[in-house]
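Asks: Data: work-v1.csv, CSV, C-alpha atoms.
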```csv
chain,number,residue,atom,x,y,z
R,1276,MET,CA,191.6,33.5,113.4
R,1277,LYS,CA,191.2,31.2,116.4
R,1278,ARG,CA,188.1,31.8,118.4
R,1279,SER,CA,188.8,32.6,122.1
R,1280,ALA,CA,186.8,31.0,124.9
R,1281,SER,CA,184.2,32.9,126.8
R,1282,PRO,CA,185.5,34.3,130.1
R,1283,LEU,CA,182.4,33.0,131.9
R,1284,LEU,CA,183.5,29.4,131.6
R,1285,GLY,CA,186.0,27.9,133.9
R,1286,GLY,CA,188.6,25.8,132.2
R,1287,LEU,CA,190.4,22.8,133.6
R,1288,PRO,CA,193.5,21.2,132.1
R,1289,SER,CA,193.0,17.8,130.7
R,1290,PRO,CA,194.7,15.0,132.7
R,1291,PHE,CA,195.5,13.2,129.5
R,1292,ASN,CA,196.9,16.0,127.4
R,1293,SER,CA,198.3,19.3,128.8
R,1294,GLY,CA,197.5,21.1,125.5
R,1295,VAL,CA,193.8,20.4,125.9
R,1296,THR,CA,191.5,22.4,128.2
R,1297,LEU,CA,188.1,21.1,129.3
R,1298,PHE,CA,185.2,23.4,130.1
R,1299,ASP,CA,182.1,22.6,132.3
R,1300,PRO,CA,179.0,24.1,130.7
R,1301,SER,CA,177.1,24.0,134.0
R,1302,GLU,CA,179.2,26.8,135.3
R,1303,ALA,CA,178.3,29.1,132.5
R,1304,ALA,CA,176.1,32.1,133.3
R,1305,SER,CA,174.8,32.2,129.7
R,1306,PRO,CA,174.7,29.5,127.0
R,1307,LEU,CA,177.4,29.3,124.4
R,1308,ARG,CA,177.1,31.6,121.4
R,1309,ARG,CA,176.0,29.4,118.6
R,1310,SER,CA,177.7,29.7,115.3
R,1311,LYS,CA,175.6,30.4,112.2
R,1312,ARG,CA,177.2,27.6,110.4
R,1313,GLN,CA,177.6,24.9,113.1
R,1314,LYS,CA,175.5,23.5,115.8
R,1315,VAL,CA,177.6,22.3,118.8
R,1316,GLU,CA,176.4,19.7,121.2
R,1317,VAL,CA,178.4,18.6,124.2
R,1318,LYS,CA,178.0,15.1,125.5
R,1319,TYR,CA,179.7,13.3,128.4
R,1320,GLU,CA,180.5,9.6,128.6
R,1321,GLU,CA,181.8,7.6,131.5
R,1322,THR,CA,185.2,6.0,130.9
R,1323,ASP,CA,186.6,2.9,132.6
R,1324,ASP,CA,188.6,5.0,135.0
R,1325,GLU,CA,185.5,6.9,136.1
R,1326,GLU,CA,186.8,10.1,134.7
R,1327,SER,CA,184.5,12.3,132.7
R,1328,THR,CA,185.6,13.2,129.2
R,1329,ALA,CA,183.7,15.7,127.1
R,1330,LEU,CA,183.0,14.6,123.6
R,1331,VAL,CA,182.2,17.5,121.3
R,1332,THR,CA,180.1,16.7,118.2
R,1333,GLN,CA,179.3,19.1,115.3
R,1334,LYS,CA,176.1,19.1,113.3
R,1335,LYS,CA,176.0,21.0,110.1
R,1336,LYS,CA,172.9,22.8,108.8
R,1337,PRO,CA,171.1,20.9,106.1
R,1338,THR,CA,172.0,22.0,102.6
R,1339,LYS,CA,169.5,23.5,100.2
R,1340,ALA,CA,169.6,20.3,98.0
R,1341,LYS,CA,168.6,18.2,101.0
R,1342,MET,CA,165.8,20.6,101.9
R,1343,ARG,CA,164.4,20.4,98.4
R,1344,ALA,CA,164.6,16.7,98.4
R,1345,ALA,CA,162.7,16.6,101.7
R,1346,THR,CA,159.9,18.8,100.3
R,1347,ALA,CA,159.8,16.9,97.0
R,1348,SER,CA,158.5,13.8,98.7
R,1349,PRO,CA,155.1,14.7,100.2
R,1350,SER,CA,154.2,11.0,100.8
R,1351,ASN,CA,157.2,10.6,103.2
R,1352,SER,CA,156.4,13.9,104.9
R,1353,ALA,CA,152.8,12.9,105.3
R,1354,ALA,CA,153.8,9.5,106.8
R,1355,GLY,CA,156.2,11.2,109.2
R,1356,ALA,CA,153.6,13.7,110.3
R,1357,THR,CA,151.2,10.9,110.9
R,1358,ALA,CA,153.7,8.9,112.9
R,1359,SER,CA,154.7,11.8,115.0
R,1360,GLY,CA,151.1,12.6,115.8
R,1361,SER,CA,151.2,16.1,114.4
R,1362,SER,CA,147.8,17.8,114.4
R,1363,THR,CA,148.7,20.2,111.6
R,1364,PRO,CA,147.0,18.9,108.4
R,1365,LEU,CA,149.0,18.9,105.1
R,1366,LYS,CA,147.7,21.2,102.4
R,1367,ALA,CA,146.2,19.2,99.6
R,1368,LYS,CA,147.5,19.9,96.1
R,1369,ARG,CA,145.0,21.8,94.0
R,1370,VAL,CA,143.9,19.9,90.9
R,1371,ALA,CA,143.1,22.0,87.9
R,1372,SER,CA,139.5,21.6,86.6
R,1373,PRO,CA,139.1,20.5,83.0
R,1374,ARG,CA,139.0,23.3,80.5
R,1375,LYS,CA,135.5,24.1,79.3
R,1376,PRO,CA,135.1,24.4,75.5
R,1377,LYS,CA,134.6,27.9,74.3
R,1378,LEU,CA,131.2,28.3,72.6
R,1379,ILE,CA,131.2,29.5,69.0
R,1380,PRO,CA,128.7,32.3,68.4
R,1381,GLN,CA,126.2,31.5,65.7
R,1382,ALA,CA,124.4,34.8,65.1
R,1383,LEU,CA,124.7,38.6,65.7
R,1384,GLU,CA,122.4,40.4,68.1
R,1385,THR,CA,121.5,42.8,65.3
R,1386,PRO,CA,121.5,41.0,61.9
R,1387,HIS,CA,123.6,42.4,59.2
R,1388,PRO,CA,121.5,43.6,56.2
R,1389,ALA,CA,121.9,42.0,52.8
R,1390,PRO,CA,124.1,44.1,50.5
R,1391,ALA,CA,122.6,45.6,47.3
R,1392,ARG,CA,122.9,43.5,44.1
R,1393,TRP,CA,124.5,40.6,46.0
R,1394,ARG,CA,122.5,38.0,44.0
R,1395,GLU,CA,123.6,39.4,40.7
R,1396,THR,CA,127.2,39.4,41.9
R,1397,TYR,CA,126.9,35.8,43.2
R,1398,ASP,CA,125.4,34.6,39.9
R,1399,THR,CA,128.2,36.3,37.9
R,1400,ILE,CA,130.9,34.6,40.1
R,1401,THR,CA,129.1,31.3,39.6
R,1402,GLU,CA,129.2,31.7,35.8
R,1403,MET,CA,132.9,32.6,35.8
R,1404,ARG,CA,133.7,29.7,38.1
R,1405,ALA,CA,132.0,27.3,35.8
R,1406,ARG,CA,134.6,28.0,33.2
R,1407,ILE,CA,137.6,27.9,35.6
R,1408,VAL,CA,139.2,24.9,37.3
R,1409,ALA,CA,140.8,26.1,40.5
R,1410,PRO,CA,143.2,24.1,42.8
R,1411,VAL,CA,140.4,23.8,45.4
R,1412,ASP,CA,138.3,21.9,42.9
R,1413,THR,CA,140.8,19.1,42.4
R,1414,MET,CA,142.9,19.2,45.6
R,1415,GLY,CA,140.6,20.6,48.3
R,1416,CYS,CA,139.8,19.1,51.7
R,1417,GLY,CA,136.8,17.3,50.2
R,1418,ARG,CA,139.0,15.1,48.1
R,1419,ALA,CA,140.8,13.4,51.0
R,1420,GLN,CA,137.8,11.2,51.8
R,1421,LEU,CA,137.6,9.8,48.3
R,1422,GLU,CA,140.6,7.5,49.0
R,1423,GLU,CA,139.0,5.9,52.0
R,1424,THR,CA,136.5,3.1,52.1
R,1425,VAL,CA,135.4,3.1,55.7
R,1426,PRO,CA,133.0,6.0,56.5
R,1427,GLN,CA,134.6,6.6,59.8
R,1428,ASN,CA,138.0,7.0,58.2
R,1429,GLN,CA,136.5,9.2,55.5
R,1430,ARG,CA,135.4,11.7,58.1
R,1431,PHE,CA,138.7,11.5,60.0
R,1432,ALA,CA,140.7,12.0,56.7
R,1433,THR,CA,138.6,15.1,56.0
R,1434,LEU,CA,139.4,16.5,59.4
R,1435,VAL,CA,143.1,15.8,59.1
R,1436,SER,CA,143.2,17.5,55.6
R,1437,LEU,CA,141.5,20.6,57.1
R,1438,MET,CA,144.0,20.7,59.9
R,1439,LEU,CA,146.9,20.5,57.5
R,1440,SER,CA,145.4,23.2,55.1
R,1441,SER,CA,145.9,26.0,57.6
R,1442,GLN,CA,148.2,28.6,56.0
R,1443,THR,CA,149.1,26.0,53.3
R,1444,LYS,CA,148.3,25.9,49.6
R,1445,ASP,CA,145.9,23.1,48.4
R,1446,GLU,CA,148.6,21.6,46.2
R,1447,VAL,CA,150.9,21.1,49.2
R,1448,THR,CA,148.1,19.9,51.5
R,1449,SER,CA,147.0,17.3,49.0
R,1450,ALA,CA,150.5,15.9,48.6
R,1451,ALA,CA,150.9,15.8,52.4
R,1452,VAL,CA,147.6,13.9,52.9
R,1453,SER,CA,148.7,11.3,50.3
R,1454,LYS,CA,152.1,10.9,51.8
R,1455,LEU,CA,150.6,10.5,55.3
R,1456,ARG,CA,148.2,7.9,54.1
R,1457,GLU,CA,151.1,5.9,52.6
R,1458,ALA,CA,153.1,6.3,55.8
R,1459,LEU,CA,150.2,5.0,57.9
R,1460,GLY,CA,149.8,1.8,55.8
R,1461,GLY,CA,147.2,2.9,53.2
R,1462,SER,CA,144.5,4.4,55.4
R,1463,ILE,CA,144.2,7.5,57.6
R,1464,SER,CA,142.4,6.2,60.7
R,1465,VAL,CA,142.4,7.2,64.4
R,1466,ASP,CA,144.1,4.0,65.6
R,1467,ALA,CA,146.8,4.3,62.9
R,1468,VAL,CA,147.6,7.8,63.9
R,1469,ILE,CA,147.8,6.9,67.6
R,1470,ALA,CA,150.0,3.9,66.9
R,1471,ALA,CA,152.3,5.7,64.5
R,1472,ASP,CA,155.5,7.3,65.8
R,1473,GLU,CA,155.6,11.1,65.9
R,1474,ASN,CA,158.6,11.1,63.6
R,1475,ILE,CA,156.6,9.2,60.9
R,1476,VAL,CA,153.8,11.7,60.9
R,1477,SER,CA,156.3,14.6,60.9
R,1478,GLU,CA,158.2,13.3,57.9
R,1479,ALA,CA,155.0,12.8,55.9
R,1480,ILE,CA,153.6,16.3,56.5
R,1481,CYS,CA,156.9,18.3,56.7
R,1482,LYS,CA,156.0,20.3,53.6
R,1483,VAL,CA,153.0,22.1,55.1
R,1484,GLY,CA,153.2,25.2,57.2
R,1485,PHE,CA,153.9,24.8,60.9
R,1486,TRP,CA,154.3,21.0,60.5
R,1487,ARG,CA,155.8,20.4,63.9
R,1488,ARG,CA,152.9,21.9,65.7
R,1489,LYS,CA,150.4,20.2,63.4
R,1490,THR,CA,152.0,16.9,64.1
R,1491,GLN,CA,151.3,17.3,67.8
R,1492,TYR,CA,147.8,18.5,67.1
R,1493,ILE,CA,146.9,15.5,64.9
R,1494,LYS,CA,148.3,13.1,67.5
R,1495,GLN,CA,146.4,14.8,70.3
R,1496,ALA,CA,143.2,15.1,68.3
R,1497,ALA,CA,143.3,11.4,67.4
R,1498,GLN,CA,143.7,10.5,71.1
R,1499,ARG,CA,140.8,12.8,72.1
R,1500,LEU,CA,138.6,11.2,69.4
R,1501,LYS,CA,139.3,7.8,70.7
R,1502,ASP,CA,138.8,8.7,74.4
R,1503,ASP,CA,135.7,11.0,74.1
R,1504,PHE,CA,134.0,10.4,70.8
R,1505,ASP,CA,134.3,6.7,70.1
R,1506,SER,CA,137.0,7.2,67.5
R,1507,ASP,CA,134.8,9.3,65.2
R,1508,VAL,CA,134.5,13.0,64.2
R,1509,PRO,CA,132.0,15.0,66.4
R,1510,LYS,CA,128.8,16.3,64.9
R,1511,THR,CA,128.8,19.8,66.6
R,1512,VAL,CA,130.8,22.9,66.0
R,1513,ASP,CA,131.6,23.3,69.7
R,1514,GLU,CA,132.9,19.7,70.1
R,1515,LEU,CA,135.0,20.0,67.0
R,1516,CYS,CA,136.6,23.3,68.2
R,1517,SER,CA,137.5,21.6,71.5
R,1518,LEU,CA,140.0,19.4,69.6
R,1519,PRO,CA,143.6,20.7,69.4
R,1520,GLY,CA,144.3,22.7,66.3
R,1521,VAL,CA,140.7,22.9,65.1
R,1522,GLY,CA,139.1,26.4,64.6
R,1523,PRO,CA,135.6,27.5,63.5
R,1524,LYS,CA,136.5,27.5,59.8
R,1525,MET,CA,137.6,23.9,60.0
R,1526,ALA,CA,134.7,22.9,62.1
R,1527,PHE,CA,132.0,24.3,59.7
R,1528,LEU,CA,133.7,22.8,56.7
R,1529,ALA,CA,134.2,19.4,58.4
R,1530,LEU,CA,130.5,19.3,59.2
R,1531,HIS,CA,129.6,20.2,55.5
R,1532,VAL,CA,131.9,17.6,54.0
R,1533,ALA,CA,132.0,14.8,56.6
R,1534,TRP,CA,128.5,14.8,58.0
R,1535,LYS,CA,126.5,16.9,55.4
R,1536,VAL,CA,125.4,19.2,58.2
R,1537,ASN,CA,124.7,22.8,57.3
R,1538,ALA,CA,125.7,24.6,60.5
R,1539,GLY,CA,127.3,27.7,59.1
R,1540,ILE,CA,129.9,29.2,56.7
R,1541,GLY,CA,133.5,28.3,56.7
R,1542,VAL,CA,135.4,31.6,56.1
R,1543,ASP,CA,139.0,31.5,55.1
R,1544,VAL,CA,141.3,34.3,53.9
R,1545,HIS,CA,139.8,34.2,50.4
R,1546,VAL,CA,136.2,34.6,51.5
R,1547,HIS,CA,137.3,37.3,54.0
R,1548,ARG,CA,139.2,39.3,51.3
R,1549,ILE,CA,136.7,39.0,48.5
R,1550,THR,CA,133.6,39.9,50.5
R,1551,ASN,CA,135.3,43.0,51.8
R,1552,ARG,CA,136.4,44.0,48.3
R,1553,LEU,CA,132.8,43.6,47.1
R,1554,GLY,CA,131.7,45.9,49.8
R,1555,TRP,CA,129.3,43.3,51.3
R,1556,HIS,CA,129.9,44.6,54.9
R,1557,GLN,CA,128.7,48.0,56.2
R,1558,VAL,CA,131.9,48.3,58.1
R,1559,ALA,CA,134.9,46.5,56.8
R,1560,THR,CA,135.5,43.4,58.9
R,1561,LYS,CA,138.9,42.7,60.5
R,1562,THR,CA,138.7,39.0,61.2
R,1563,PRO,CA,137.2,36.0,59.4
R,1564,GLU,CA,134.9,35.4,62.4
R,1565,GLU,CA,133.4,38.9,61.9
R,1566,THR,CA,132.9,38.1,58.2
R,1567,ARG,CA,131.2,34.8,59.0
R,1568,LEU,CA,128.7,36.3,61.4
R,1569,ASN,CA,127.8,39.0,58.9
R,1570,LEU,CA,127.4,36.6,56.0
R,1571,GLN,CA,125.3,34.2,58.1
R,1572,SER,CA,122.9,37.0,58.8
R,1573,TRP,CA,121.6,37.3,55.2
R,1574,LEU,CA,123.1,34.6,53.0
R,1575,PRO,CA,120.4,32.0,52.2
R,1576,THR,CA,121.0,28.7,54.0
R,1577,GLU,CA,120.9,26.6,50.9
R,1578,LEU,CA,123.9,28.4,49.4
R,1579,ARG,CA,126.2,27.9,52.4
R,1580,PRO,CA,127.6,24.4,51.6
R,1581,THR,CA,129.0,25.5,48.2
R,1582,PHE,CA,129.7,29.2,49.1
R,1583,THR,CA,133.1,28.7,50.5
R,1584,GLY,CA,134.5,26.6,47.6
R,1585,LEU,CA,133.0,29.0,45.1
R,1586,LEU,CA,134.8,32.1,46.5
R,1587,VAL,CA,138.0,30.2,47.4
R,1588,GLY,CA,138.4,29.1,43.7
R,1589,PHE,CA,137.6,32.6,42.6
R,1590,GLY,CA,140.2,34.0,44.9
R,1591,GLN,CA,142.8,31.5,43.7
R,1592,THR,CA,142.4,32.3,40.0
R,1593,VAL,CA,140.9,35.8,39.5
R,1594,CYS,CA,140.6,37.9,42.6
R,1595,LEU,CA,144.2,37.3,43.8
R,1596,PRO,CA,145.6,38.8,47.0
R,1597,ILE,CA,148.2,40.8,45.1
R,1598,GLY,CA,147.6,42.0,41.5
R,1599,PRO,CA,144.0,40.9,41.1
R,1600,ARG,CA,143.0,40.2,37.4
R,1601,CYS,CA,140.3,42.8,37.2
R,1602,ASP,CA,140.8,43.0,33.4
R,1603,ASN,CA,139.5,39.4,33.2
R,1604,CYS,CA,136.8,39.8,35.8
R,1605,GLU,CA,133.2,40.4,34.8
R,1606,LEU,CA,132.5,42.1,38.1
R,1607,SER,CA,134.5,45.1,37.1
R,1608,ASP,CA,131.5,46.4,35.1
R,1609,GLY,CA,130.0,48.1,38.2
R,1610,LEU,CA,129.5,45.1,40.5
R,1611,CYS,CA,132.8,45.4,42.3
R,1612,PRO,CA,133.6,48.8,43.9
R,1613,SER,CA,137.3,47.7,44.3
R,1614,ALA,CA,137.8,47.0,40.6
R,1615,GLN,CA,141.1,48.4,39.3
R,1616,LYS,CA,141.1,50.0,35.8
R,1617,VAL,CA,143.8,48.6,33.5
R,1618,ASN,CA,145.0,50.5,30.4
R,1619,PRO,CA,144.7,48.0,27.6
R,1620,ARG,CA,147.6,49.7,25.7
R,1621,LYS,CA,149.9,49.5,28.7
R,1622,GLY,CA,151.2,46.2,29.7
R,1623,LYS,CA,154.1,43.8,29.7
R,1624,LYS,CA,155.9,43.3,26.4
R,1625,MET,CA,158.1,40.4,25.7
R,1626,VAL,CA,161.4,41.4,24.2
R,1627,GLU,CA,163.9,38.8,23.1
R,1628,ALA,CA,167.6,39.6,23.7
R,1629,THR,CA,170.1,37.8,21.5
R,1630,SER,CA,173.8,37.7,22.0
R,1631,LEU,CA,176.7,36.5,19.9
R,1632,ALA,CA,177.8,34.1,22.6
R,1633,GLY,CA,176.1,32.5,25.6
R,1634,PRO,CA,172.5,31.4,26.2
R,1635,ASN,CA,169.5,33.2,24.9
R,1636,LEU,CA,167.8,35.6,27.3
R,1637,GLU,CA,164.2,36.7,27.7
R,1638,ILE,CA,163.5,40.1,29.4
R,1639,GLU,CA,160.1,41.4,30.4
R,1640,LEU,CA,159.7,45.2,30.2
R,1641,ASP,CA,156.7,47.1,31.5
R,1642,ILE,CA,156.5,49.9,28.9
R,1643,ASP,CA,153.8,52.4,27.8
R,1644,GLU,CA,153.5,52.6,24.1
R,1645,GLU,CA,151.8,56.0,24.2
R,1646,LYS,CA,154.6,57.7,26.2
R,1647,PRO,CA,157.3,59.1,23.9
R,1648,MET,CA,161.0,58.6,24.7
R,1649,VAL,CA,163.9,60.8,23.8
R,1650,THR,CA,167.1,59.3,22.4
R,1651,SER,CA,170.6,60.4,23.1
R,1652,ASP,CA,170.7,62.5,19.9
R,1653,GLY,CA,167.5,64.4,20.9
R,1654,ARG,CA,165.2,62.5,18.6
R,1655,THR,CA,161.7,61.6,19.9
R,1656,THR,CA,160.4,58.1,19.2
R,1657,SER,CA,158.2,55.4,20.7
R,1658,PRO,CA,159.5,52.7,23.1
R,1659,LEU,CA,158.9,49.8,20.6
R,1660,GLU,CA,160.7,51.7,17.8
R,1661,LEU,CA,163.6,52.5,20.1
R,1662,LEU,CA,163.9,48.8,21.1
R,1663,GLY,CA,163.5,47.7,17.5
R,1664,GLY,CA,162.0,44.4,18.7
R,1665,ALA,CA,165.3,43.0,19.9
R,1666,LEU,CA,168.4,43.8,21.9
R,1667,THR,CA,171.9,43.0,20.9
R,1668,ILE,CA,174.4,42.3,23.6
R,1669,LYS,CA,178.0,42.4,22.7
R,1670,PRO,CA,180.2,39.7,24.2
R,1671,GLU,CA,182.9,40.7,26.7
R,1672,SER,CA,186.3,41.1,25.2
R,1673,GLU,CA,188.7,38.3,26.2
```
What would the structure in this file look like if it were written as structure tokens?
Replies:
Amino acid sequence: MKRSASPLLGGLPSPFNSGVTLFDPSEAASPLRRSKRQKVEVKYEETDDEESTALVTQKKKPTKAKMRAATASPSNSAAGATASGSSTPLKAKRVASPRKPKLIPQALETPHPAPARWRETYDTITEMRARIVAPVDTMGCGRAQLEETVPQNQRFATLVSLMLSSQTKDEVTSAAVSKLREALGGSISVDAVIAADENIVSEAICKVGFWRRKTQYIKQAAQRLKDDFDSDVPKTVDELCSLPGVGPKMAFLALHVAWKVNAGIGVDVHVHRITNRLGWHQVATKTPEETRLNLQSWLPTELRPTFTGLLVGFGQTVCLPIGPRCDNCELSDGLCPSAQKVNPRKGKKMVEATSLAGPNLEIELDIDEEKPMVTSDGRTTSPLELLGGALTIKPESE
């Protein structure tokens, strides 16, 4: 709809065009009503024939994009404010302070007492482990340094192996470390990791758990070591834990293996699980850190360097997370309160099933020889007699 002129303005016909009406703003009792979308300015220019002609120009409001662009360049705004002599100072951008490393607690306020018969239990586990070769013995984090010749690279390779071992089996970790060493040119060093492309590191360690995140952690940790620690592994737990992707367990084990520093106990899921099963805590611990602080209260210092590997291997071969082999464990004779009793006459029997056609099949049946079974004709018999030692499968009719 066409906007009508205000009745307060006096209109004069244009001498050039009868369809145009000129208005003199000086005769208005009140200023023009400004549109929300347009800003109107009226200018007058003198023509050659000394007749005044009103030139109307329109200014549009700045768009949001222009406003964002103006605010996005603080240097230009600051220069403009200085040039215009504005006395209002610009608000300086706040710079975040560097993150302070979180201190790792080393002891409890009230030491945890030593559990009863712990030494007897420890010696029994040591005797069993002497007869068992566990994955941690041949593929643990301590093996990574053996392939390096430079001491500085030996310590860094140990740290990288520990970072890769989180939530990953030793077999997978060992293979990833070997593949990474090959991808970096034969040696795992700080400079080689920094110079390597991120995709090269990712392809080498892609079999470990959370490999994308660990790739970033390894790259960032290598840069931190170069900038803050002269391209070497730190010698304190707090400094190690300040590196990306490094926790207390890795820090204590890195000090044991890389620097031969006995600063504490590295507690992983195996140590946490086994010590709780053995009842070595007055109140069952919920986290590995709680377990570590309890153990450090009473475990002799000279046993700490080998304690983690001893229990990890025991947890990998005997005290499994699911289905522990209590029947093969010497602690089940009263040293372990969590030992499960296994009926020696009840177990898995291997039954071979043969067929007239097709491949041979092997079926595992968990049966109880003492429990009688009733056949379809009402006769009572034992499971082994009922099975007859074999099953016959008739081929399907064509």
Asks: Report the closest atom pair, with its distance in Å rounded to one decimal, for each residue of stretch 1518-1590 of chain R that has an atom no farther than 8 Å from stretch 1435-1459 of chain R; count only C-alpha atoms, sort by chain and then rising residue number, and write it as a Markdown table.
Replies:
```
| residue | atom | partner | partner_atom | distance |
| --- | --- | --- | --- | --- |
| R:Gly1520 | CA | R:Met1438 | CA | 6.7 |
| R:Val1521 | CA | R:Met1438 | CA | 6.5 |
| R:Met1525 | CA | R:Leu1437 | CA | 5.9 |
| R:Ala1529 | CA | R:Leu1437 | CA | 7.5 |
```
Asks: Would you compute the distance between atom CA of R:Tyr1492 and atom CA of R:Leu1568? Give it in Å to one decimal.
Replies: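 A separation of 26.7 Å between them.
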Asks: Considering all atoms listed in the file, can you say which of R:Leu1287, R:Ile1379, R:Ala1409, R:Ile1540 comes closest to R:Thr1592?
Replies: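 Closest candidate: R:Ala1409.
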Asks: List as a short mmCIF file (atom, residue, chain, number, x, y, z; two decimals) with C-alpha atoms, keeping the file's coordinate frame the protein and nucleic acid residues near stretch 1580-1588 of chain R, meaning an atom at most 10 Å away when only C-alpha atoms are counted, but skip any in the same chain fewer than 5 places from it.
Replies:
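Okay, this is what ended up in part-v8.cif:
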```cif
data_model
loop_
_atom_site.label_atom_id
_atom_site.label_comp_id
_atom_site.auth_asym_id
_atom_site.auth_seq_id
_atom_site.Cartn_x
_atom_site.Cartn_y
_atom_site.Cartn_z
CA TYR R 1397 126.90 35.80 43.20
CA ILE R 1400 130.90 34.60 40.10
CA THR R 1401 129.10 31.30 39.60
CA MET R 1403 132.90 32.60 35.80
CA ARG R 1404 133.70 29.70 38.10
CA ALA R 1405 132.00 27.30 35.80
CA ILE R 1407 137.60 27.90 35.60
CA VAL R 1408 139.20 24.90 37.30
CA ALA R 1409 140.80 26.10 40.50
CA PRO R 1410 143.20 24.10 42.80
CA VAL R 1411 140.40 23.80 45.40
CA ASP R 1412 138.30 21.90 42.90
CA GLY R 1415 140.60 20.60 48.30
CA GLY R 1417 136.80 17.30 50.20
CA LYS R 1524 136.50 27.50 59.80
CA PHE R 1527 132.00 24.30 59.70
CA LEU R 1528 133.70 22.80 56.70
CA LEU R 1530 130.50 19.30 59.20
CA HIS R 1531 129.60 20.20 55.50
CA VAL R 1532 131.90 17.60 54.00
CA LYS R 1535 126.50 16.90 55.40
CA VAL R 1536 125.40 19.20 58.20
CA ASN R 1537 124.70 22.80 57.30
CA ALA R 1538 125.70 24.60 60.50
CA GLY R 1539 127.30 27.70 59.10
CA ILE R 1540 129.90 29.20 56.70
CA GLY R 1541 133.50 28.30 56.70
CA VAL R 1542 135.40 31.60 56.10
CA ASP R 1543 139.00 31.50 55.10
CA VAL R 1544 141.30 34.30 53.90
CA HIS R 1545 139.80 34.20 50.40
CA VAL R 1546 136.20 34.60 51.50
CA HIS R 1547 137.30 37.30 54.00
CA ARG R 1548 139.20 39.30 51.30
CA ILE R 1549 136.70 39.00 48.50
CA THR R 1550 133.60 39.90 50.50
CA LEU R 1574 123.10 34.60 53.00
CA VAL R 1593 140.90 35.80 39.50
CA CYS R 1594 140.60 37.90 42.60
#
```
Asks: Have a look at atom CA of R:Ala1559 and atom CA of R:Glu1577 and let me know their distance in Å, one decimal.
Replies: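 It comes out at 25.0 Å.
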Asks: At what distance in Å, to one decimal, does atom CA of R:Trp1555 lie from atom CA of R:Glu1384?
Replies: 18.4 Å
Asks: Which of these, R:Gln1615, R:Ser1289, R:Asn1569, R:Ser1517, has the shortest distance to R:Asp1602 once you count only C-alpha atoms?
Replies: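 Using only C-alpha atoms, R:Asp1602 sits closest to R:Gln1615.
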Asks: Counting all atoms listed in the file, figure out which residue out of R:Ser1462, R:Asn1292, R:Ser1477, R:Gln1571 gets nearest to R:Thr1424.
Replies: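 Counting all atoms listed in the file, the residue closest to R:Thr1424 is R:Ser1462.
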Asks: Let me make sure I understand: among R:Arg1567, R:Lys1616, R:Ile1469, R:Phe1431, which one has the smallest atom-to-atom distance to R:Asp1502 if we use all atoms listed in the file?
Replies: R:Ile1469
Asks: What lies within 7 Å of R:Arg1430 using only C-alpha atoms, ignoring chain neighbours under 6 positions off, as a PyMOL selection string?
Replies: chain R and resi 1420+1508+1533
Asks: Centre and edge lengths of an axis-aligned box around all listed atoms of stretch 1510-1513 of chain R, with 5 Å added on each side, are to be given in Å to one decimal, as AutoDock Vina command-line options.
Replies:
```
--center_x 130.2 --center_y 19.8 --center_z 67.3 --size_x 12.8 --size_y 17.0 --size_z 14.8
```
Asks: Emit stretch 1436-1443 of chain R of the structure in the block as a file comprising N, CA, C and O atoms, as a compact mmCIF listing (two decimals), in the first residue's frame.
Replies:
```txt
# COMPACT_ATOMS: atom_id res chain seq x y z
N SER R 1436 54.64 -47.63 24.68
CA SER R 1436 54.04 -48.94 24.88
C SER R 1436 53.00 -48.91 25.99
O SER R 1436 51.93 -49.53 25.87
N LEU R 1437 53.27 -48.20 27.06
CA LEU R 1437 52.31 -48.08 28.15
C LEU R 1437 51.06 -47.32 27.71
O LEU R 1437 49.94 -47.68 28.09
N MET R 1438 51.23 -46.29 26.91
CA MET R 1438 50.08 -45.53 26.43
C MET R 1438 49.20 -46.38 25.52
O MET R 1438 47.96 -46.25 25.53
N LEU R 1439 49.81 -47.25 24.75
CA LEU R 1439 49.04 -48.12 23.86
C LEU R 1439 48.38 -49.27 24.60
O LEU R 1439 47.38 -49.83 24.12
N SER R 1440 48.90 -49.64 25.77
CA SER R 1440 48.41 -50.83 26.46
C SER R 1440 47.08 -50.62 27.17
O SER R 1440 46.47 -51.59 27.63
N SER R 1441 46.63 -49.38 27.29
CA SER R 1441 45.38 -49.12 28.00
C SER R 1441 44.22 -49.81 27.31
O SER R 1441 43.98 -49.60 26.11
N GLN R 1442 43.51 -50.68 28.05
CA GLN R 1442 42.35 -51.43 27.55
C GLN R 1442 42.70 -52.22 26.28
O GLN R 1442 41.91 -52.29 25.35
N THR R 1443 43.90 -52.77 26.26
CA THR R 1443 44.36 -53.55 25.11
C THR R 1443 45.20 -54.72 25.63
O THR R 1443 45.98 -54.56 26.57
```
